[in-house]
$ cat start35.cif   # mmCIF, C-alpha atoms (C1' of nucleotides)
data_target
#
loop_
_atom_site.label_atom_id
_atom_site.label_comp_id
_atom_site.auth_asym_id
_atom_site.auth_seq_id
_atom_site.Cartn_x
_atom_site.Cartn_y
_atom_site.Cartn_z
CA MET E 1 1.47 20.99 13.41
CA ILE E 2 -0.34 22.74 10.61
CA SER E 3 -3.34 24.84 11.58
CA VAL E 4 -6.87 24.92 10.22
CA PHE E 5 -6.17 28.38 8.99
CA ASP E 6 -3.23 27.27 6.92
CA ILE E 7 -5.39 24.57 5.43
CA ILE E 8 -8.15 26.87 4.29
CA ALA E 9 -5.76 29.58 3.17
CA GLU E 10 -5.15 27.70 -0.05
CA PRO E 11 -7.84 28.37 -2.69
CA ASN E 12 -7.64 24.96 -4.32
CA ARG E 13 -7.95 23.31 -0.96
CA ARG E 14 -11.04 25.34 -0.22
CA ALA E 15 -12.45 24.27 -3.56
CA ILE E 16 -11.82 20.63 -2.74
CA LEU E 17 -13.47 20.96 0.65
CA THR E 18 -16.46 22.67 -0.88
CA LEU E 19 -16.74 19.98 -3.51
CA LEU E 20 -16.52 17.22 -0.94
CA ALA E 21 -19.21 18.93 1.09
CA SER E 22 -21.62 17.77 -1.57
CA GLY E 23 -20.53 14.17 -1.36
CA GLU E 24 -17.58 11.87 -1.78
CA ARG E 25 -15.46 11.90 -4.91
CA THR E 26 -12.56 10.10 -6.47
CA VAL E 27 -9.31 11.88 -7.24
CA GLY E 28 -10.12 11.85 -10.93
CA GLU E 29 -13.48 13.45 -10.38
CA ILE E 30 -11.93 16.22 -8.35
CA GLU E 31 -9.25 16.66 -10.95
CA ARG E 32 -11.76 17.16 -13.73
CA ARG E 33 -14.29 19.20 -11.79
CA LEU E 34 -11.73 21.64 -10.48
CA ARG E 35 -9.50 21.53 -13.53
CA MET E 36 -6.34 20.89 -11.62
CA THR E 37 -3.54 18.55 -12.58
CA GLN E 38 -3.65 15.12 -10.99
CA PRO E 39 -0.49 15.55 -8.92
CA ALA E 40 -1.75 18.84 -7.59
CA VAL E 41 -4.96 17.21 -6.45
CA SER E 42 -3.14 14.29 -4.86
CA LYS E 43 -0.81 16.59 -3.01
CA HIS E 44 -3.59 18.73 -1.63
CA LEU E 45 -5.50 15.65 -0.65
CA ARG E 46 -2.49 14.39 1.18
CA VAL E 47 -2.27 17.59 3.17
CA LEU E 48 -5.98 17.51 3.88
CA ARG E 49 -5.83 13.87 4.86
CA GLU E 50 -2.89 14.24 7.22
CA ALA E 51 -4.55 17.23 8.82
CA GLY E 52 -7.76 15.27 9.33
CA PHE E 53 -10.01 17.16 6.95
CA VAL E 54 -10.71 14.24 4.64
CA GLU E 55 -10.39 10.50 4.62
CA ALA E 56 -10.21 7.99 1.80
CA THR E 57 -11.38 4.47 1.15
CA VAL E 58 -9.91 2.26 -1.50
CA ASP E 59 -11.94 1.00 -4.43
CA ALA E 60 -9.62 -0.94 -6.69
CA GLN E 61 -7.26 1.66 -8.15
CA ARG E 62 -9.56 4.45 -7.09
CA ARG E 63 -9.48 6.30 -3.84
CA VAL E 64 -12.78 7.71 -2.76
CA TYR E 65 -12.35 10.82 -0.68
CA ARG E 66 -14.81 12.01 1.86
CA LEU E 67 -15.07 15.08 4.05
CA LYS E 68 -14.41 15.06 7.79
CA PRO E 69 -16.24 18.26 8.65
CA GLU E 70 -15.35 18.28 12.35
CA ALA E 71 -11.89 19.49 11.45
CA LEU E 72 -13.34 22.81 10.38
CA LEU E 73 -14.97 23.42 13.72
CA GLU E 74 -11.89 25.08 15.13
CA ALA E 75 -11.97 27.82 12.54
CA ASP E 76 -15.62 28.38 13.17
CA THR E 77 -14.95 28.58 16.87
CA TRP E 78 -12.30 31.20 16.40
CA LEU E 79 -14.63 33.32 14.31
CA GLU E 80 -17.21 33.13 17.03
CA GLN E 81 -15.56 35.95 18.95
CA PHE E 82 -16.36 38.29 16.09
CA ARG E 83 -19.78 37.02 15.26
CA ARG E 84 -21.40 39.25 17.84
CA PHE E 85 -20.36 42.21 15.74
CA TRP E 86 -22.43 41.40 12.72
CA SER E 87 -25.01 38.98 14.01
CA GLY E 88 -28.21 40.41 15.33
CA HIS E 89 -29.17 43.88 14.28
CA VAL E 90 -27.13 46.60 12.77
CA ASP E 91 -27.75 48.40 16.02
CA ALA E 92 -25.56 45.98 17.89
CA LEU E 93 -22.69 46.74 15.55
CA GLU E 94 -23.29 50.44 15.73
CA ARG E 95 -23.36 50.44 19.49
CA HIS E 96 -20.15 48.52 19.53
CA LEU E 97 -18.36 50.77 17.11
CA ASP E 98 -19.57 53.63 19.20
CA ARG E 99 -18.04 52.16 22.28
CA MET E 100 -14.83 51.54 20.42
CA HIS E 101 -14.45 55.20 19.69
CA HIS E 102 -14.26 56.11 23.33
CA PRO E 103 -10.94 55.85 25.10
CA HIS E 104 -10.68 52.53 26.89
CA PRO E 105 -9.76 52.66 30.58
CA LYS E 106 -6.61 50.62 30.06
CA GLY E 107 -3.19 51.40 31.53
CA LYS E 108 -2.21 54.54 29.74
CA ALA E 109 0.86 53.48 27.83
CA GLY E 110 2.70 56.76 27.50
CA ARG E 111 4.65 56.81 30.71
CA LYS E 112 6.58 59.90 29.80
CA MET Q 1 -6.20 41.12 -3.89
CA ILE Q 2 -5.39 39.27 -0.74
CA SER Q 3 -8.11 37.03 0.69
CA VAL Q 4 -9.61 36.87 4.18
CA PHE Q 5 -8.13 33.43 4.50
CA ASP Q 6 -4.62 34.65 3.85
CA ILE Q 7 -5.14 37.30 6.47
CA ILE Q 8 -6.19 34.95 9.22
CA ALA Q 9 -3.64 32.32 8.26
CA GLU Q 10 -0.97 34.27 10.12
CA PRO Q 11 -0.97 33.58 13.88
CA ASN Q 12 0.24 37.03 14.92
CA ARG Q 13 -2.40 38.60 12.77
CA ARG Q 14 -5.06 36.49 14.42
CA ALA Q 15 -3.71 37.57 17.79
CA ILE Q 16 -3.93 41.21 16.79
CA LEU Q 17 -7.49 40.79 15.58
CA THR Q 18 -8.45 39.04 18.78
CA LEU Q 19 -6.87 41.76 20.83
CA LEU Q 20 -8.61 44.49 18.87
CA ALA Q 21 -11.88 42.69 19.36
CA SER Q 22 -11.72 43.85 22.95
CA GLY Q 23 -11.18 47.46 22.06
CA GLU Q 24 -8.90 49.84 20.24
CA ARG Q 25 -5.17 49.91 20.93
CA THR Q 26 -2.09 51.82 19.96
CA VAL Q 27 0.78 50.14 18.17
CA GLY Q 28 2.84 50.23 21.33
CA GLU Q 29 0.14 48.52 23.34
CA ILE Q 30 -0.14 45.75 20.81
CA GLU Q 31 3.60 45.42 20.72
CA ARG Q 32 3.82 44.92 24.47
CA ARG Q 33 0.73 42.78 24.89
CA LEU Q 34 1.65 40.38 22.15
CA ARG Q 35 5.37 40.59 22.71
CA MET Q 36 6.22 41.27 19.13
CA THR Q 37 8.81 43.68 17.80
CA GLN Q 38 7.51 47.07 16.79
CA PRO Q 39 8.26 46.70 13.08
CA ALA Q 40 6.52 43.35 13.05
CA VAL Q 41 3.40 44.89 14.52
CA SER Q 42 3.47 47.82 12.12
CA LYS Q 43 3.85 45.53 9.15
CA HIS Q 44 0.98 43.29 10.14
CA LEU Q 45 -1.14 46.32 10.84
CA ARG Q 46 -0.35 47.61 7.39
CA VAL Q 47 -1.53 44.37 5.84
CA LEU Q 48 -4.65 44.37 7.99
CA ARG Q 49 -5.32 48.00 7.20
CA GLU Q 50 -4.93 47.65 3.47
CA ALA Q 51 -7.17 44.60 3.51
CA GLY Q 52 -9.82 46.48 5.45
CA PHE Q 53 -9.65 44.58 8.71
CA VAL Q 54 -8.58 47.51 10.83
CA GLU Q 55 -8.45 51.25 10.65
CA ALA Q 56 -6.40 53.81 12.48
CA THR Q 57 -6.85 57.30 13.76
CA VAL Q 58 -4.00 59.62 14.56
CA ASP Q 59 -3.37 60.90 18.06
CA ALA Q 60 -0.20 62.94 17.99
CA GLN Q 61 2.57 60.44 17.33
CA ARG Q 62 0.31 57.56 18.23
CA ARG Q 63 -1.90 55.62 15.89
CA VAL Q 64 -4.94 54.12 17.50
CA TYR Q 65 -6.04 51.00 15.73
CA ARG Q 66 -9.54 49.70 15.71
CA LEU Q 67 -11.19 46.57 14.35
CA LYS Q 68 -13.40 46.56 11.28
CA PRO Q 69 -15.21 43.30 11.97
CA GLU Q 70 -17.22 43.23 8.74
CA ALA Q 71 -14.13 42.13 6.89
CA LEU Q 72 -14.29 38.80 8.66
CA LEU Q 73 -17.81 38.11 7.49
CA GLU Q 74 -16.60 36.52 4.28
CA ALA Q 75 -14.75 33.79 6.15
CA ASP Q 76 -17.75 33.13 8.31
CA THR Q 77 -19.91 32.92 5.23
CA TRP Q 78 -17.64 30.38 3.63
CA LEU Q 79 -17.75 28.22 6.72
CA GLU Q 80 -21.50 28.32 6.65
CA GLN Q 81 -21.65 25.53 4.11
CA PHE Q 82 -20.11 23.19 6.65
CA ARG Q 83 -21.95 24.38 9.69
CA ARG Q 84 -24.87 22.08 9.00
CA PHE Q 85 -22.56 19.15 9.68
CA TRP Q 86 -21.91 19.95 13.29
CA SER Q 87 -24.72 22.27 14.23
CA GLY Q 88 -27.87 20.76 15.55
CA HIS Q 89 -27.79 17.24 16.88
CA VAL Q 90 -25.25 14.55 16.43
CA ASP Q 91 -27.95 12.77 14.52
CA ALA Q 92 -27.71 15.27 11.74
CA LEU Q 93 -24.05 14.56 11.35
CA GLU Q 94 -24.55 10.83 11.54
CA ARG Q 95 -27.24 10.87 8.94
CA HIS Q 96 -25.00 12.87 6.70
CA LEU Q 97 -22.00 10.64 7.11
CA ASP Q 98 -24.29 7.76 6.42
CA ARG Q 99 -25.40 9.29 3.19
CA MET Q 100 -21.83 9.99 2.25
CA HIS Q 101 -20.99 6.32 2.46
CA HIS Q 102 -23.43 5.40 -0.26
CA PRO Q 103 -22.32 5.69 -3.87
CA HIS Q 104 -23.42 9.01 -5.25
CA PRO Q 105 -25.36 8.89 -8.51
CA LYS Q 106 -22.79 11.01 -10.32
CA GLY Q 107 -21.43 10.35 -13.80
CA LYS Q 108 -19.40 7.22 -13.32
CA ALA Q 109 -15.91 8.37 -14.11
CA GLY Q 110 -14.31 5.23 -15.40
CA ARG Q 111 -15.28 5.32 -19.01
CA LYS Q 112 -13.19 2.29 -19.82
"C1'" DT O 1 2.17 -10.75 -19.52
"C1'" DT O 2 1.32 -6.73 -21.81
"C1'" DT O 3 -1.22 -2.54 -21.96
"C1'" DG O 4 -4.08 0.89 -19.93
"C1'" DT O 5 -6.00 3.31 -15.93
"C1'" DA O 6 -5.80 5.59 -11.27
"C1'" DT O 7 -3.21 7.62 -7.81
"C1'" DA O 8 0.93 8.77 -5.23
"C1'" DT O 9 5.51 10.62 -4.83
"C1'" DG O 10 10.18 12.69 -5.81
"C1'" DC O 11 12.80 16.44 -7.37
"C1'" DC O 12 13.22 21.08 -8.69
"C1'" DT O 13 12.10 25.86 -9.37
"C1'" DT O 14 9.83 29.82 -8.16
"C1'" DG O 15 7.59 33.10 -5.56
"C1'" DA O 16 5.55 34.80 -1.47
"C1'" DC O 17 5.90 36.07 3.09
"C1'" DA O 18 7.54 36.79 7.87
"C1'" DT O 19 11.20 38.65 10.50
"C1'" DG O 20 15.26 41.26 11.97
"C1'" DT O 21 18.17 45.38 11.81
"C1'" DA O 22 18.70 49.85 10.63
"C1'" DT O 23 16.84 54.10 9.50
"C1'" DA O 24 13.45 57.67 8.26
"C1'" DT O 25 9.62 60.56 9.74
"C1'" DA O 26 6.62 62.97 12.75
"C1'" DC O 27 5.47 64.91 16.92
"C1'" DT O 28 6.36 66.48 21.75
"C1'" DT O 29 8.68 68.35 25.58
"C1'" DC O 30 12.22 70.87 27.56
"C1'" DG T 1 16.42 73.42 18.51
"C1'" DA T 2 17.83 69.27 20.84
"C1'" DA T 3 16.56 65.07 22.69
"C1'" DG T 4 13.17 61.62 23.35
"C1'" DT T 5 9.02 58.99 21.94
"C1'" DA T 6 5.92 56.58 18.53
"C1'" DT T 7 5.38 54.58 14.25
"C1'" DA T 8 6.51 53.48 9.50
"C1'" DT T 9 9.49 51.77 5.99
"C1'" DA T 10 13.73 49.84 3.37
"C1'" DC T 11 16.63 46.19 2.66
"C1'" DA T 12 18.47 41.70 3.25
"C1'" DT T 13 17.60 37.05 4.50
"C1'" DG T 14 15.60 32.58 5.49
"C1'" DT T 15 11.78 29.55 5.14
"C1'" DC T 16 8.34 27.23 3.21
"C1'" DA T 17 4.75 25.90 0.21
"C1'" DA T 18 2.67 25.26 -4.49
"C1'" DG T 19 3.20 23.74 -8.96
"C1'" DG T 20 5.25 21.25 -12.92
"C1'" DC T 21 7.21 17.15 -14.90
"C1'" DA T 22 8.64 12.70 -14.60
"C1'" DT T 23 8.17 8.42 -12.57
"C1'" DA T 24 6.75 4.74 -9.40
"C1'" DT T 25 3.12 1.77 -7.82
"C1'" DA T 26 -1.09 -0.75 -7.85
"C1'" DC T 27 -4.82 -2.68 -10.04
"C1'" DA T 28 -7.52 -4.15 -14.18
"C1'" DA T 29 -8.58 -5.91 -18.67
"C1'" DA T 30 -7.33 -8.23 -22.63
#
$ encode --input "start35.cif" --output "structure tokens"
Amino acid sequence: MISVFDIIAEPNRRAILTLLASGERTVGEIERRLRMTQPAVSKHLRVLREAGFVEATVDAQRRVYRLKPEALLEADTWLEQFRRFWSGHVDALERHLDRMHHPHPKGKAGRK
Amino acid sequence: MISVFDIIAEPNRRAILTLLASGERTVGEIERRLRMTQPAVSKHLRVLREAGFVEATVDAQRRVYRLKPEALLEADTWLEQFRRFWSGHVDALERHLDRMHHPHPKGKAGRK
DNA sequence: TTTGTATATGCCTTGACATGTATATACTTC
DNA sequence: GAAGTATATACATGTCAAGGCATATACAAA
């Protein structure tokens, strides 16, 4: 089971996703737009397809690929836990950092 | 230059970031909480530190690590381009998917 | 049916990275 | 200073993924 994070770790894959965010494309279009070799594109598309990030419909010899944005939700959800740090005002961040600098009341590790 | 996406692609690294989101910790604390070996923790922390995701202060033999949340902003920013797909109402997504199904008025690729 | 176009796949090489074990370093306490 | 604690680093190893090239497959046009 490959994770969302593995998917978006690859730059070319991110580029493909970004491109598809603007509308569906054929393999050839992606190939030319992103200046990748055709096999490279096909392979990335396969990964993206099997992971549920894109889907394709057949048009004669062409395959038209289309984004399945829901798949990215998980990554966004994970980032949510950090969003509080930068969203809102700088103050919120500052207050937090401030808090971070004080010793937390956790179980003091050094048992010696 | 290692990217944000490479950083968060590693599960243990994500775990460390999540843990640090709740407050600063020493290496030993991380080690025990996440049940990783000490060298593993140190190595991931090194990567995180050099990439600007955490910082450490010295306390005798201990190093207290602390999150630098700003570093994650870039990932959040990248995801922003997809957020419109799922944010708001289902309608928004449906309308989009609908649009995606229609042939886009791009340069028809097949020049033959 | 031959030729061209569009996409997928197989094989191979290469490089990056995560981990484990062992060890070095620094500090502290006795 | 000797022994223990906390962390970093070196080295060796295994895994895995990305890319290149060649080729297979499917469809189309002539």
$ residues_around --input "start35.cif" --residues "DC17 in chain O" --least-positions-apart "3" --cutoff "12 Å" --atoms "only C-alpha atoms (C1' of nucleotides)" --output "PyMOL selection string"
(chain Q and resi 6-7+9-10+43-44+47) or (chain T and resi 13-17)
$ write_last_selection --input "start35.cif" --atoms "C-alpha atoms (C1' of nucleotides)" --output "compact mmCIF listing (two decimals), keeping the file's coordinate frame"
# COMPACT_ATOMS: atom_id res chain seq x y z
CA ASP Q 6 -4.62 34.65 3.85
CA ILE Q 7 -5.14 37.30 6.47
CA ALA Q 9 -3.64 32.32 8.26
CA GLU Q 10 -0.97 34.27 10.12
CA LYS Q 43 3.85 45.53 9.15
CA HIS Q 44 0.98 43.29 10.14
CA VAL Q 47 -1.53 44.37 5.84
C1' DT T 13 17.60 37.05 4.50
C1' DG T 14 15.60 32.58 5.49
C1' DT T 15 11.78 29.55 5.14
C1' DC T 16 8.34 27.23 3.21
C1' DA T 17 4.75 25.90 0.21
$ atom_distance --input "start35.cif" --atom1 "CA of Leu20 in chain E" --atom2 "C1' of DT7 in chain O"
17.8 Å
$ interface_residues --input "start35.cif" --of "chain E" --to "chain Q" --cutoff "7 Å" --atoms "all atoms listed in the file" --output "PyMOL selection string"
chain E and resi 5-6+8-9+23-24+29+69-70+76+79+82+85-86+100+109
$ write_last_selection --input "start35.cif" --atoms "C-alpha atoms" --output "CSV table (one decimal), keeping the file's coordinate frame"
chain,number,residue,atom,x,y,z
E,5,PHE,CA,-6.2,28.4,9.0
E,6,ASP,CA,-3.2,27.3,6.9
E,8,ILE,CA,-8.2,26.9,4.3
E,9,ALA,CA,-5.8,29.6,3.2
E,23,GLY,CA,-20.5,14.2,-1.4
E,24,GLU,CA,-17.6,11.9,-1.8
E,29,GLU,CA,-13.5,13.4,-10.4
E,69,PRO,CA,-16.2,18.3,8.6
E,70,GLU,CA,-15.4,18.3,12.4
E,76,ASP,CA,-15.6,28.4,13.2
E,79,LEU,CA,-14.6,33.3,14.3
E,82,PHE,CA,-16.4,38.3,16.1
E,85,PHE,CA,-20.4,42.2,15.7
E,86,TRP,CA,-22.4,41.4,12.7
E,100,MET,CA,-14.8,51.5,20.4
E,109,ALA,CA,0.9,53.5,27.8
$ atom_distance --input "start35.cif" --atom1 "CA of Asp59 in chain Q" --atom2 "C1' of DC30 in chain O"
20.8 Å
$ interface_residues --input "start35.cif" --of "chain E" --to "chain O" --cutoff "9 Å" --atoms "only C-alpha atoms (C1' of nucleotides)" --output "PyMOL selection string"
chain E and resi 27-28+38-39+42-43+60-63
$ interface_residues --input "start35.cif" --of "chain T" --to "chain E" --cutoff "8 Å" --atoms "all atoms listed in the file" --output "PyMOL selection string"
chain T and resi 19+26-27
$ atom_distance --input "start35.cif" --atom1 "CA of Ile16 in chain Q" --atom2 "CA of Leu45 in chain Q"
8.3 Å
